[in-house]
Each structure stands twice: as C-alpha cells, then as structure tokens.
Amino acid sequence: MKIRFLTDGSPQSLAALGTLVKSFPYFRETPSLMLLSVHPPVPYKAAVVATGVVARSNVPVLLLK
C-alpha cells in the first residue's frame, strides 16, 4: 500500500503523522509513505502584510510599521 501524506508542518499534521506511523503494525504489509509539504508555514501577520487581506474581519491584527 502506498500512502501520500500531505503536511503543512503544523503541530496538528505532525501529530496525525505520528498516529499514522504508529498504526503501521496493523497493516498486513508495511505501507510505503511519501511525505509532501503543502507549503511552508507562514506567520499570519506576514501573510496579511504580503497580501493585504485579513482572513477574518472580526480578528484584530496589529501591524507594526
């Protein structure tokens, strides 16, 4: 079995990867695992500065100039 695991490097995706790897003994044959990085993590404030778009209008964003 081939498994493609997409990750953004967040703690949640790394926890999911750990859970997946721990489940390997339950497979009849050990699966092959391909890790794909979706994108590097981007700090929220830097993303707002780069795009000029706030994801949620009710979230206060402090931009330092």
# chains A, B, ... in the order shown; residues from 1 in each chain; ligands from 1
$ residues_around --residues "range 8-20 of chain A" --least-positions-apart "4" --cutoff "6 Å" --atoms "only C-alpha atoms" --output "list in words"
Ser37, Val38 and His39 of chain A
$ residues_around --residues "Ile3 in chain A" --least-positions-apart "3" --cutoff "9 Å" --atoms "only C-alpha atoms" --output "list in words"
Pro31, Ser32, Leu33, Met34 and Leu35 of chain A
